[in-house]
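The data block below is my_file_7.csv; it holds CSV, C-alpha atoms.
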chain,number,residue,atom,x,y,z
A,1,GLY,CA,113.4,9.2,-30.6
A,2,ASP,CA,116.3,10.8,-32.5
A,3,SER,CA,117.2,9.4,-35.9
A,4,VAL,CA,119.5,10.1,-38.8
A,5,THR,CA,118.8,9.1,-42.4
A,6,GLN,CA,121.5,9.0,-45.0
A,7,MET,CA,121.1,8.5,-48.7
A,8,GLU,CA,121.6,5.0,-50.0
A,9,GLY,CA,125.0,4.1,-51.3
A,10,PRO,CA,127.6,3.2,-52.4
A,11,VAL,CA,128.7,6.2,-54.4
A,12,THR,CA,131.4,6.1,-57.0
A,13,LEU,CA,132.9,9.2,-58.5
A,14,SER,CA,135.8,10.2,-60.7
A,15,GLU,CA,138.5,12.3,-59.3
A,16,GLU,CA,137.7,16.1,-59.3
A,17,ALA,CA,134.0,15.4,-59.4
A,18,PHE,CA,131.5,17.3,-57.2
A,19,LEU,CA,130.3,15.4,-54.1
A,20,THR,CA,127.0,15.7,-52.3
A,21,ILE,CA,126.0,13.2,-49.6
A,22,ASN,CA,122.5,13.8,-48.2
A,23,CYS,CA,121.7,13.6,-44.5
A,24,THR,CA,118.4,14.4,-42.8
A,25,TYR,CA,117.5,14.0,-39.2
A,26,THR,CA,114.7,13.8,-36.7
A,27,ALA,CA,115.2,15.2,-33.2
A,28,THR,CA,113.6,17.5,-30.7
A,29,GLY,CA,115.1,20.8,-30.0
A,30,TYR,CA,118.4,21.9,-31.5
A,31,PRO,CA,120.8,18.9,-31.7
A,32,SER,CA,124.4,19.2,-32.7
A,33,LEU,CA,125.2,17.6,-36.1
A,34,PHE,CA,128.4,15.8,-37.1
A,35,TRP,CA,130.0,14.1,-40.1
A,36,TYR,CA,132.5,11.3,-39.2
A,37,VAL,CA,134.8,9.6,-41.7
A,38,GLN,CA,136.1,6.1,-41.6
A,39,TYR,CA,139.1,5.3,-43.8
A,40,PRO,CA,139.7,1.6,-44.6
A,41,GLY,CA,140.8,-0.4,-41.6
A,42,GLU,CA,140.6,2.6,-39.2
A,43,GLY,CA,138.3,4.0,-36.6
A,44,LEU,CA,136.0,7.0,-37.0
A,45,GLN,CA,137.4,10.5,-37.2
A,46,LEU,CA,135.4,13.7,-36.8
A,47,LEU,CA,135.3,15.4,-40.2
A,48,LEU,CA,133.2,18.5,-39.2
A,49,LYS,CA,130.4,19.6,-37.0
A,50,ALA,CA,127.8,22.3,-36.5
A,51,THR,CA,126.1,23.1,-33.2
A,52,LYS,CA,123.4,25.5,-34.1
A,53,ALA,CA,121.1,26.4,-37.0
A,54,ASP,CA,122.8,28.0,-40.1
A,55,ASP,CA,126.2,27.1,-38.8
A,56,LYS,CA,128.6,25.8,-41.5
A,57,GLY,CA,131.1,23.2,-40.6
A,58,SER,CA,134.1,22.8,-42.8
A,59,ASN,CA,137.3,20.7,-43.0
A,60,LYS,CA,139.6,19.3,-45.7
A,61,GLY,CA,137.5,20.9,-48.4
A,62,PHE,CA,134.3,19.4,-47.1
A,63,GLU,CA,131.4,21.6,-46.0
A,64,ALA,CA,128.0,21.0,-44.4
A,65,THR,CA,125.4,23.6,-43.3
A,66,TYR,CA,123.0,23.0,-40.5
A,67,ARG,CA,119.5,23.6,-42.0
A,68,LYS,CA,116.9,23.7,-39.3
A,69,GLU,CA,114.0,24.4,-41.8
A,70,THR,CA,114.7,21.2,-43.8
A,71,THR,CA,116.3,19.2,-40.9
A,72,SER,CA,119.3,18.5,-43.1
A,73,PHE,CA,123.1,18.5,-42.9
A,74,HIS,CA,124.2,17.6,-46.4
A,75,LEU,CA,128.0,17.0,-47.0
A,76,GLU,CA,129.6,18.6,-50.0
A,77,LYS,CA,133.0,18.8,-51.6
A,78,GLY,CA,133.8,20.7,-54.8
A,79,SER,CA,136.5,18.4,-56.1
A,80,VAL,CA,137.0,14.9,-54.6
A,81,GLN,CA,140.3,13.1,-54.6
A,82,VAL,CA,141.2,9.4,-54.5
A,83,SER,CA,142.2,9.8,-50.9
A,84,ASP,CA,138.7,10.8,-50.0
A,85,SER,CA,137.5,7.2,-50.5
A,86,ALA,CA,136.0,6.2,-47.2
A,87,VAL,CA,132.8,5.6,-45.3
A,88,TYR,CA,131.0,8.7,-44.2
A,89,PHE,CA,128.6,8.8,-41.3
A,90,CYS,CA,126.2,11.5,-40.4
A,91,ALA,CA,125.4,11.8,-36.7
A,92,LEU,CA,123.5,13.9,-34.2
A,93,ARG,CA,123.7,14.5,-30.5
A,94,GLY,CA,120.5,15.6,-28.9
A,95,THR,CA,120.0,18.2,-26.2
A,96,GLY,CA,118.6,16.0,-23.5
A,97,ALA,CA,120.5,15.0,-20.4
A,98,ASN,CA,123.2,12.4,-21.2
A,99,SER,CA,122.2,12.3,-24.8
A,100,LYS,CA,124.4,10.2,-27.0
A,101,LEU,CA,125.5,10.2,-30.6
A,102,THR,CA,122.9,8.7,-33.0
A,103,PHE,CA,124.5,7.6,-36.3
A,104,GLY,CA,123.2,7.1,-39.8
A,105,LYS,CA,124.0,3.9,-41.6
A,106,GLY,CA,127.0,5.4,-43.4
A,107,ILE,CA,127.7,5.6,-47.1
A,108,THR,CA,130.8,4.3,-48.9
A,109,LEU,CA,132.5,6.7,-51.3
A,110,SER,CA,134.9,5.4,-53.9
A,111,VAL,CA,136.8,7.8,-56.0
A,112,ARG,CA,138.4,6.6,-59.3
A,113,PRO,CA,141.6,8.2,-60.6
B,1,ASN,CA,149.7,11.1,-29.0
B,2,ALA,CA,147.9,7.8,-28.3
B,3,GLY,CA,144.3,8.9,-27.9
B,4,VAL,CA,142.0,5.9,-27.6
B,5,THR,CA,143.7,2.5,-27.8
B,6,GLN,CA,141.8,-0.8,-28.2
B,7,THR,CA,143.1,-4.3,-28.1
B,8,PRO,CA,142.9,-6.8,-29.7
B,9,LYS,CA,142.4,-5.6,-33.2
B,10,PHE,CA,141.2,-9.0,-34.5
B,11,ARG,CA,139.8,-12.0,-32.7
B,12,ILE,CA,138.0,-15.2,-33.6
B,13,LEU,CA,135.9,-16.8,-30.8
B,14,LYS,CA,134.0,-20.0,-30.6
B,15,ILE,CA,130.4,-20.0,-29.5
B,16,GLY,CA,130.2,-19.9,-25.7
B,17,GLN,CA,133.7,-18.6,-25.1
B,18,SER,CA,134.3,-15.4,-23.2
B,19,MET,CA,136.7,-12.6,-23.8
B,20,THR,CA,137.4,-9.0,-22.8
B,21,LEU,CA,138.0,-6.1,-25.2
B,22,GLN,CA,140.4,-3.7,-23.7
B,23,CYS,CA,140.1,0.1,-24.1
B,24,THR,CA,142.3,2.8,-22.6
B,25,GLN,CA,142.5,6.6,-23.2
B,26,ASP,CA,145.1,9.1,-22.2
B,27,MET,CA,143.2,12.3,-22.7
B,28,ASN,CA,141.7,12.3,-19.1
B,29,HIS,CA,138.2,12.1,-20.6
B,30,ASN,CA,135.5,11.4,-18.1
B,31,TYR,CA,133.0,9.9,-20.6
B,32,MET,CA,133.7,6.6,-22.3
B,33,TYR,CA,131.6,4.5,-24.7
B,34,TRP,CA,131.4,1.2,-26.4
B,35,TYR,CA,129.8,0.9,-29.8
B,36,ARG,CA,129.3,-1.9,-32.3
B,37,GLN,CA,129.1,-1.5,-36.0
B,38,ASP,CA,127.3,-4.1,-38.1
B,39,PRO,CA,127.7,-4.3,-41.9
B,40,GLY,CA,125.6,-1.6,-43.6
B,41,MET,CA,124.4,-0.2,-40.3
B,42,GLY,CA,125.4,2.8,-38.2
B,43,LEU,CA,127.0,2.5,-34.9
B,44,LYS,CA,124.9,1.2,-32.0
B,45,LEU,CA,125.8,2.2,-28.4
B,46,ILE,CA,126.3,-0.8,-26.1
B,47,TYR,CA,127.4,0.8,-22.8
B,48,TYR,CA,128.7,4.1,-21.6
B,49,SER,CA,130.4,5.5,-18.5
B,50,VAL,CA,130.3,9.0,-17.1
B,51,GLY,CA,133.2,8.5,-14.8
B,52,ALA,CA,135.1,6.0,-12.8
B,53,GLY,CA,132.7,3.6,-10.9
B,54,ILE,CA,129.7,4.6,-13.0
B,55,THR,CA,128.3,2.7,-16.0
B,56,ASP,CA,125.0,2.6,-17.8
B,57,LYS,CA,123.3,0.7,-20.6
B,58,GLY,CA,123.0,1.9,-24.2
B,59,GLU,CA,120.8,0.7,-27.0
B,60,VAL,CA,122.1,-2.9,-27.3
B,61,PRO,CA,123.6,-4.0,-23.9
B,62,ASN,CA,122.4,-7.6,-23.8
B,63,GLY,CA,125.3,-10.1,-23.8
B,64,TYR,CA,127.9,-7.6,-22.6
B,65,ASN,CA,129.2,-6.3,-19.4
B,66,VAL,CA,131.5,-3.4,-18.6
B,67,SER,CA,133.4,-1.9,-15.7
B,68,ARG,CA,135.2,1.4,-15.1
B,69,SER,CA,137.6,1.2,-12.2
B,70,THR,CA,139.8,4.0,-13.4
B,71,THR,CA,139.4,7.1,-15.6
B,72,GLU,CA,141.6,5.6,-18.3
B,73,ASP,CA,140.2,2.1,-18.8
B,74,PHE,CA,136.8,0.8,-19.9
B,75,PRO,CA,136.9,-2.9,-20.8
B,76,LEU,CA,134.0,-4.7,-22.5
B,77,ARG,CA,133.3,-8.3,-21.5
B,78,LEU,CA,131.5,-10.9,-23.6
B,79,GLU,CA,130.6,-13.8,-21.3
B,80,LEU,CA,129.0,-16.3,-23.6
B,81,ALA,CA,129.9,-15.4,-27.2
B,82,ALA,CA,127.1,-15.9,-29.8
B,83,PRO,CA,127.3,-15.5,-33.6
B,84,SER,CA,125.1,-12.4,-33.3
B,85,GLN,CA,128.0,-10.7,-31.6
B,86,THR,CA,130.1,-10.9,-34.7
B,87,SER,CA,130.8,-7.2,-35.3
B,88,VAL,CA,133.3,-4.4,-35.2
B,89,TYR,CA,133.6,-2.8,-31.8
B,90,PHE,CA,134.6,0.7,-31.2
B,91,CYS,CA,135.6,2.3,-28.0
B,92,ALA,CA,135.3,6.1,-27.7
B,93,SER,CA,135.8,8.9,-25.2
B,94,SER,CA,134.9,12.5,-24.7
B,95,TYR,CA,135.7,15.2,-22.1
B,96,HIS,CA,132.1,16.1,-21.3
B,97,ASP,CA,128.8,14.8,-22.6
B,98,ARG,CA,127.7,18.2,-23.7
B,99,VAL,CA,126.1,19.1,-27.0
B,100,GLY,CA,128.9,19.8,-29.5
B,101,ASN,CA,131.7,18.1,-27.7
B,102,THR,CA,133.8,15.8,-29.9
B,103,ILE,CA,133.8,12.1,-29.3
B,104,TYR,CA,137.2,10.4,-30.1
B,105,PHE,CA,137.2,6.8,-31.4
B,106,GLY,CA,139.6,4.0,-31.2
B,107,GLU,CA,140.7,2.1,-34.3
B,108,GLY,CA,138.2,-0.8,-33.8
B,109,SER,CA,138.3,-4.4,-32.8
B,110,TRP,CA,137.0,-7.0,-35.4
B,111,LEU,CA,135.4,-9.9,-33.6
B,112,THR,CA,134.1,-13.1,-35.3
B,113,VAL,CA,132.1,-15.7,-33.4
B,114,VAL,CA,132.0,-19.1,-35.1
Here is a file; write its structure as C-alpha cells.
Amino acid sequence: GDSVTQMEGPVTLSEEAFLTINCTYTATGYPSLFWYVQYPGEGLQLLLKATKADDKGSNKGFEATYRKETTSFHLEKGSVQVSDSAVYFCALRGTGANSKLTFGKGITLSVRP
Amino acid sequence: NAGVTQTPKFRILKIGQSMTLQCTQDMNHNYMYWYRQDPGMGLKLIYYSVGAGITDKGEVPNGYNVSRSTTEDFPLRLELAAPSQTSVYFCASSYHDRVGNTIYFGEGSWLTVV
C-alpha cells in the first residue's frame, strides 16, 4: 500500500537558518504530493502541493519538488522565522479510485530567535 | 469564511460513555472525512463520505459510527468510549476526491477517555 516516510524529529533551528525536511514515499503510479502544516492548537493547513513529476510547489517561502526518480518530496526554506515553528506533515494521494490522503508521522520544527 | 467547523474542541469522557463529535462545512463539498491523530503519528482515516447518505470505513473504523444526512454535516459517534480512543480528531472536506484536490481541515477536537 501507499506509505510516506518523514525524517525523524524534532528539529530546532536558529532564525534565518536553512531548512530541509526530508520526505520519501511509496506508491504505485503517479500520486499527488502535499505538505501540510499544523500550528500550535490549530488544524492542518495545506502548505503546498505538486501533482506530477518535476512539479515544484511553493508557498510562504517554502518549496518542494516532486522527484519521481528518487520518490521524494523534500521541503526547503532558505531562511526560517520564529513564526514557522509548527508540525509539518508530508502526505500523498494515490491515483486509485477513491484514494485518500496518506500521511507521514509529522515533524516538529522549533525556530529560536 | 467558516470552512470546516468542529465541536467540541475539548472533552473528557469516562470509559463506557458515549458522545458525538459534530462537524459542519459551508463550502458545499461533497467529500467529508474523519481522521484521528495520535502523538508522534500521522493522521489515520476513520470514516469518510462521498455524499449525503453514503459513508464508508477508513483505516481505523472500529469503535466509531458516522452518518451523513446532509451535505453540510458529518457527525462522528463514539458509542462506548475506551482509553485507546484518547486522541485528537480532525474533520475534513474536499470538493472532489480527485488527485490534487485540496482537503480542508477543521481545527481539531481533543478527546481524553479516563
Any chance you could tabulate, as JSON lines, the residues of chain B at most 12 Å from chain A with each one's nearest atom pair and distance in Å to one decimal, using only C-alpha atoms, in chain and rising number order?
{"residue": "B:Gly3", "atom": "CA", "partner": "A:Gly43", "partner_atom": "CA", "distance": 11.6}
{"residue": "B:Val4", "atom": "CA", "partner": "A:Gly43", "partner_atom": "CA", "distance": 9.9}
{"residue": "B:Thr5", "atom": "CA", "partner": "A:Gly43", "partner_atom": "CA", "distance": 10.4}
{"residue": "B:Gln6", "atom": "CA", "partner": "A:Gly43", "partner_atom": "CA", "distance": 10.3}
{"residue": "B:Lys9", "atom": "CA", "partner": "A:Gly41", "partner_atom": "CA", "distance": 10.0}
{"residue": "B:Phe10", "atom": "CA", "partner": "A:Gly41", "partner_atom": "CA", "distance": 11.2}
{"residue": "B:Tyr31", "atom": "CA", "partner": "A:Asn98", "partner_atom": "CA", "distance": 10.1}
{"residue": "B:Met32", "atom": "CA", "partner": "A:Lys100", "partner_atom": "CA", "distance": 11.0}
{"residue": "B:Tyr33", "atom": "CA", "partner": "A:Lys100", "partner_atom": "CA", "distance": 9.5}
{"residue": "B:Trp34", "atom": "CA", "partner": "A:Lys100", "partner_atom": "CA", "distance": 11.4}
{"residue": "B:Tyr35", "atom": "CA", "partner": "A:Leu101", "partner_atom": "CA", "distance": 10.3}
{"residue": "B:Arg36", "atom": "CA", "partner": "A:Phe103", "partner_atom": "CA", "distance": 11.4}
{"residue": "B:Gln37", "atom": "CA", "partner": "A:Lys105", "partner_atom": "CA", "distance": 9.3}
{"residue": "B:Asp38", "atom": "CA", "partner": "A:Lys105", "partner_atom": "CA", "distance": 9.3}
{"residue": "B:Pro39", "atom": "CA", "partner": "A:Lys105", "partner_atom": "CA", "distance": 9.0}
{"residue": "B:Gly40", "atom": "CA", "partner": "A:Lys105", "partner_atom": "CA", "distance": 6.1}
{"residue": "B:Met41", "atom": "CA", "partner": "A:Lys105", "partner_atom": "CA", "distance": 4.3}
{"residue": "B:Gly42", "atom": "CA", "partner": "A:Lys105", "partner_atom": "CA", "distance": 3.8}
{"residue": "B:Leu43", "atom": "CA", "partner": "A:Phe103", "partner_atom": "CA", "distance": 5.8}
{"residue": "B:Lys44", "atom": "CA", "partner": "A:Phe103", "partner_atom": "CA", "distance": 7.7}
{"residue": "B:Leu45", "atom": "CA", "partner": "A:Lys100", "partner_atom": "CA", "distance": 8.2}
{"residue": "B:Ile46", "atom": "CA", "partner": "A:Lys100", "partner_atom": "CA", "distance": 11.2}
{"residue": "B:Tyr47", "atom": "CA", "partner": "A:Lys100", "partner_atom": "CA", "distance": 10.7}
{"residue": "B:Tyr48", "atom": "CA", "partner": "A:Lys100", "partner_atom": "CA", "distance": 9.2}
{"residue": "B:Ser49", "atom": "CA", "partner": "A:Asn98", "partner_atom": "CA", "distance": 10.3}
{"residue": "B:Val50", "atom": "CA", "partner": "A:Asn98", "partner_atom": "CA", "distance": 8.9}
{"residue": "B:Asp56", "atom": "CA", "partner": "A:Asn98", "partner_atom": "CA", "distance": 10.5}
{"residue": "B:Lys57", "atom": "CA", "partner": "A:Lys100", "partner_atom": "CA", "distance": 11.5}
{"residue": "B:Gly58", "atom": "CA", "partner": "A:Lys100", "partner_atom": "CA", "distance": 8.9}
{"residue": "B:Glu59", "atom": "CA", "partner": "A:Lys100", "partner_atom": "CA", "distance": 10.2}
{"residue": "B:Val88", "atom": "CA", "partner": "A:Gly43", "partner_atom": "CA", "distance": 9.9}
{"residue": "B:Tyr89", "atom": "CA", "partner": "A:Gly43", "partner_atom": "CA", "distance": 9.6}
{"residue": "B:Phe90", "atom": "CA", "partner": "A:Gly43", "partner_atom": "CA", "distance": 7.3}
{"residue": "B:Cys91", "atom": "CA", "partner": "A:Gly43", "partner_atom": "CA", "distance": 9.2}
{"residue": "B:Ala92", "atom": "CA", "partner": "A:Leu44", "partner_atom": "CA", "distance": 9.4}
{"residue": "B:Ser93", "atom": "CA", "partner": "A:Lys100", "partner_atom": "CA", "distance": 11.6}
{"residue": "B:Ser94", "atom": "CA", "partner": "A:Lys100", "partner_atom": "CA", "distance": 11.0}
{"residue": "B:His96", "atom": "CA", "partner": "A:Asn98", "partner_atom": "CA", "distance": 9.6}
{"residue": "B:Asp97", "atom": "CA", "partner": "A:Asn98", "partner_atom": "CA", "distance": 6.3}
{"residue": "B:Arg98", "atom": "CA", "partner": "A:Asn98", "partner_atom": "CA", "distance": 7.8}
{"residue": "B:Val99", "atom": "CA", "partner": "A:Ser32", "partner_atom": "CA", "distance": 5.9}
{"residue": "B:Gly100", "atom": "CA", "partner": "A:Ser32", "partner_atom": "CA", "distance": 5.6}
{"residue": "B:Asn101", "atom": "CA", "partner": "A:Ser32", "partner_atom": "CA", "distance": 8.9}
{"residue": "B:Thr102", "atom": "CA", "partner": "A:Leu46", "partner_atom": "CA", "distance": 7.4}
{"residue": "B:Ile103", "atom": "CA", "partner": "A:Leu46", "partner_atom": "CA", "distance": 7.8}
{"residue": "B:Tyr104", "atom": "CA", "partner": "A:Gln45", "partner_atom": "CA", "distance": 7.1}
{"residue": "B:Phe105", "atom": "CA", "partner": "A:Leu44", "partner_atom": "CA", "distance": 5.7}
{"residue": "B:Gly106", "atom": "CA", "partner": "A:Gly43", "partner_atom": "CA", "distance": 5.6}
{"residue": "B:Glu107", "atom": "CA", "partner": "A:Gly43", "partner_atom": "CA", "distance": 3.8}
{"residue": "B:Gly108", "atom": "CA", "partner": "A:Gly43", "partner_atom": "CA", "distance": 5.6}
{"residue": "B:Ser109", "atom": "CA", "partner": "A:Gly43", "partner_atom": "CA", "distance": 9.2}
{"residue": "B:Trp110", "atom": "CA", "partner": "A:Gly41", "partner_atom": "CA", "distance": 9.8}
Would you mind exporting the chosen residues as a short mmCIF file (atom, residue, chain, number, x, y, z; two decimals), in the coordinates of the input, restricted to C-alpha atoms?
data_model
loop_
_atom_site.label_atom_id
_atom_site.label_comp_id
_atom_site.auth_asym_id
_atom_site.auth_seq_id
_atom_site.Cartn_x
_atom_site.Cartn_y
_atom_site.Cartn_z
CA GLY B 3 144.30 8.90 -27.90
CA VAL B 4 142.00 5.90 -27.60
CA THR B 5 143.70 2.50 -27.80
CA GLN B 6 141.80 -0.80 -28.20
CA LYS B 9 142.40 -5.60 -33.20
CA PHE B 10 141.20 -9.00 -34.50
CA TYR B 31 133.00 9.90 -20.60
CA MET B 32 133.70 6.60 -22.30
CA TYR B 33 131.60 4.50 -24.70
CA TRP B 34 131.40 1.20 -26.40
CA TYR B 35 129.80 0.90 -29.80
CA ARG B 36 129.30 -1.90 -32.30
CA GLN B 37 129.10 -1.50 -36.00
CA ASP B 38 127.30 -4.10 -38.10
CA PRO B 39 127.70 -4.30 -41.90
CA GLY B 40 125.60 -1.60 -43.60
CA MET B 41 124.40 -0.20 -40.30
CA GLY B 42 125.40 2.80 -38.20
CA LEU B 43 127.00 2.50 -34.90
CA LYS B 44 124.90 1.20 -32.00
CA LEU B 45 125.80 2.20 -28.40
CA ILE B 46 126.30 -0.80 -26.10
CA TYR B 47 127.40 0.80 -22.80
CA TYR B 48 128.70 4.10 -21.60
CA SER B 49 130.40 5.50 -18.50
CA VAL B 50 130.30 9.00 -17.10
CA ASP B 56 125.00 2.60 -17.80
CA LYS B 57 123.30 0.70 -20.60
CA GLY B 58 123.00 1.90 -24.20
CA GLU B 59 120.80 0.70 -27.00
CA VAL B 88 133.30 -4.40 -35.20
CA TYR B 89 133.60 -2.80 -31.80
CA PHE B 90 134.60 0.70 -31.20
CA CYS B 91 135.60 2.30 -28.00
CA ALA B 92 135.30 6.10 -27.70
CA SER B 93 135.80 8.90 -25.20
CA SER B 94 134.90 12.50 -24.70
CA HIS B 96 132.10 16.10 -21.30
CA ASP B 97 128.80 14.80 -22.60
CA ARG B 98 127.70 18.20 -23.70
CA VAL B 99 126.10 19.10 -27.00
CA GLY B 100 128.90 19.80 -29.50
CA ASN B 101 131.70 18.10 -27.70
CA THR B 102 133.80 15.80 -29.90
CA ILE B 103 133.80 12.10 -29.30
CA TYR B 104 137.20 10.40 -30.10
CA PHE B 105 137.20 6.80 -31.40
CA GLY B 106 139.60 4.00 -31.20
CA GLU B 107 140.70 2.10 -34.30
CA GLY B 108 138.20 -0.80 -33.80
CA SER B 109 138.30 -4.40 -32.80
CA TRP B 110 137.00 -7.00 -35.40
#
For this session: Could you tell me how far atom CA of B:Thr7 lies from atom CA of A:Ser110, in Å and to one decimal?
Result: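 If I compute the distance from atom CA of B:Thr7 to atom CA of A:Ser110, I get 28.8 Å.
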How far is it from atom CA of B:Gln25 to atom CA of A:Tyr36, in Å with one decimal?
->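 Atom-to-atom, atom CA of B:Gln25 and atom CA of A:Tyr36 are spaced 19.4 Å apart.
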- [ ] Considering only C-alpha atoms, state which residue in the set B:Ser87, B:Pro75, B:Val60, B:Val114 is at the smallest distance from B:Thr24.
- [x]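 Of B:Ser87, B:Pro75, B:Val60, B:Val114, the one nearest B:Thr24, counting only C-alpha atoms, is B:Pro75.
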If you count all atoms listed in the file, the residue of B:Leu13, B:Thr55, B:Thr20, B:Leu111 closest to B:Leu76 turns out to be B:Thr20
Expressed in Å, the length from atom CA of A:Tyr88 to atom CA of A:Thr65 is 15.9 Å
Please complete stretch 39-63 of chain B with N, CA and C atoms and give it back as a compact mmCIF listing (two decimals), in the coordinates of the input.
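File result_8.txt, as written:
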# COMPACT_ATOMS: atom_id res chain seq x y z
N PRO B 39 127.57 -4.62 -40.50
CA PRO B 39 127.70 -4.30 -41.90
C PRO B 39 126.43 -3.49 -42.41
N GLY B 40 126.67 -2.38 -43.08
CA GLY B 40 125.60 -1.60 -43.60
C GLY B 40 124.74 -0.85 -42.62
N MET B 41 125.19 -0.84 -41.39
CA MET B 41 124.40 -0.20 -40.30
C MET B 41 125.30 0.90 -39.68
N GLY B 42 124.66 1.80 -39.03
CA GLY B 42 125.40 2.80 -38.20
C GLY B 42 125.90 2.15 -36.96
N LEU B 43 126.50 2.95 -36.13
CA LEU B 43 127.00 2.50 -34.90
C LEU B 43 125.88 2.44 -33.82
N LYS B 44 125.88 1.38 -33.03
CA LYS B 44 124.90 1.20 -32.00
C LYS B 44 125.65 1.28 -30.62
N LEU B 45 125.11 2.03 -29.66
CA LEU B 45 125.80 2.20 -28.40
C LEU B 45 125.45 0.97 -27.49
N ILE B 46 126.51 0.35 -26.94
CA ILE B 46 126.30 -0.80 -26.10
C ILE B 46 126.27 -0.39 -24.62
N TYR B 47 127.30 0.25 -24.14
CA TYR B 47 127.40 0.80 -22.80
C TYR B 47 128.15 2.07 -22.80
N TYR B 48 127.95 2.86 -21.76
CA TYR B 48 128.70 4.10 -21.60
C TYR B 48 129.02 4.29 -20.13
N SER B 49 129.97 5.19 -19.89
CA SER B 49 130.40 5.50 -18.50
C SER B 49 130.59 7.00 -18.40
N VAL B 50 130.09 7.59 -17.34
CA VAL B 50 130.30 9.00 -17.10
C VAL B 50 131.40 9.35 -16.20
N GLY B 51 132.05 8.31 -15.70
CA GLY B 51 133.20 8.50 -14.80
C GLY B 51 133.53 7.22 -14.12
N ALA B 52 134.66 7.19 -13.46
CA ALA B 52 135.10 6.00 -12.80
C ALA B 52 134.03 5.53 -11.77
N GLY B 53 133.73 4.24 -11.83
CA GLY B 53 132.70 3.60 -10.90
C GLY B 53 131.31 3.75 -11.38
N ILE B 54 131.06 4.40 -12.53
CA ILE B 54 129.70 4.60 -13.00
C ILE B 54 129.55 4.12 -14.44
N THR B 55 128.61 3.20 -14.66
CA THR B 55 128.30 2.70 -16.00
C THR B 55 126.84 2.66 -16.24
N ASP B 56 126.44 2.66 -17.51
CA ASP B 56 125.00 2.60 -17.80
C ASP B 56 124.83 1.96 -19.19
N LYS B 57 123.63 1.38 -19.38
CA LYS B 57 123.30 0.70 -20.60
C LYS B 57 123.03 1.65 -21.74
N GLY B 58 123.42 1.22 -22.96
CA GLY B 58 123.00 1.90 -24.20
C GLY B 58 121.88 1.26 -24.85
N GLU B 59 121.90 1.27 -26.19
CA GLU B 59 120.80 0.70 -27.00
C GLU B 59 120.81 -0.82 -26.98
N VAL B 60 122.00 -1.44 -27.03
CA VAL B 60 122.10 -2.90 -27.30
C VAL B 60 123.04 -3.54 -26.22
N PRO B 61 122.69 -3.52 -24.93
CA PRO B 61 123.60 -4.00 -23.90
C PRO B 61 123.60 -5.53 -23.67
N ASN B 62 122.58 -6.23 -24.18
CA ASN B 62 122.40 -7.60 -23.80
C ASN B 62 123.63 -8.47 -24.35
N GLY B 63 124.17 -9.29 -23.46
CA GLY B 63 125.30 -10.10 -23.80
C GLY B 63 126.64 -9.55 -23.47
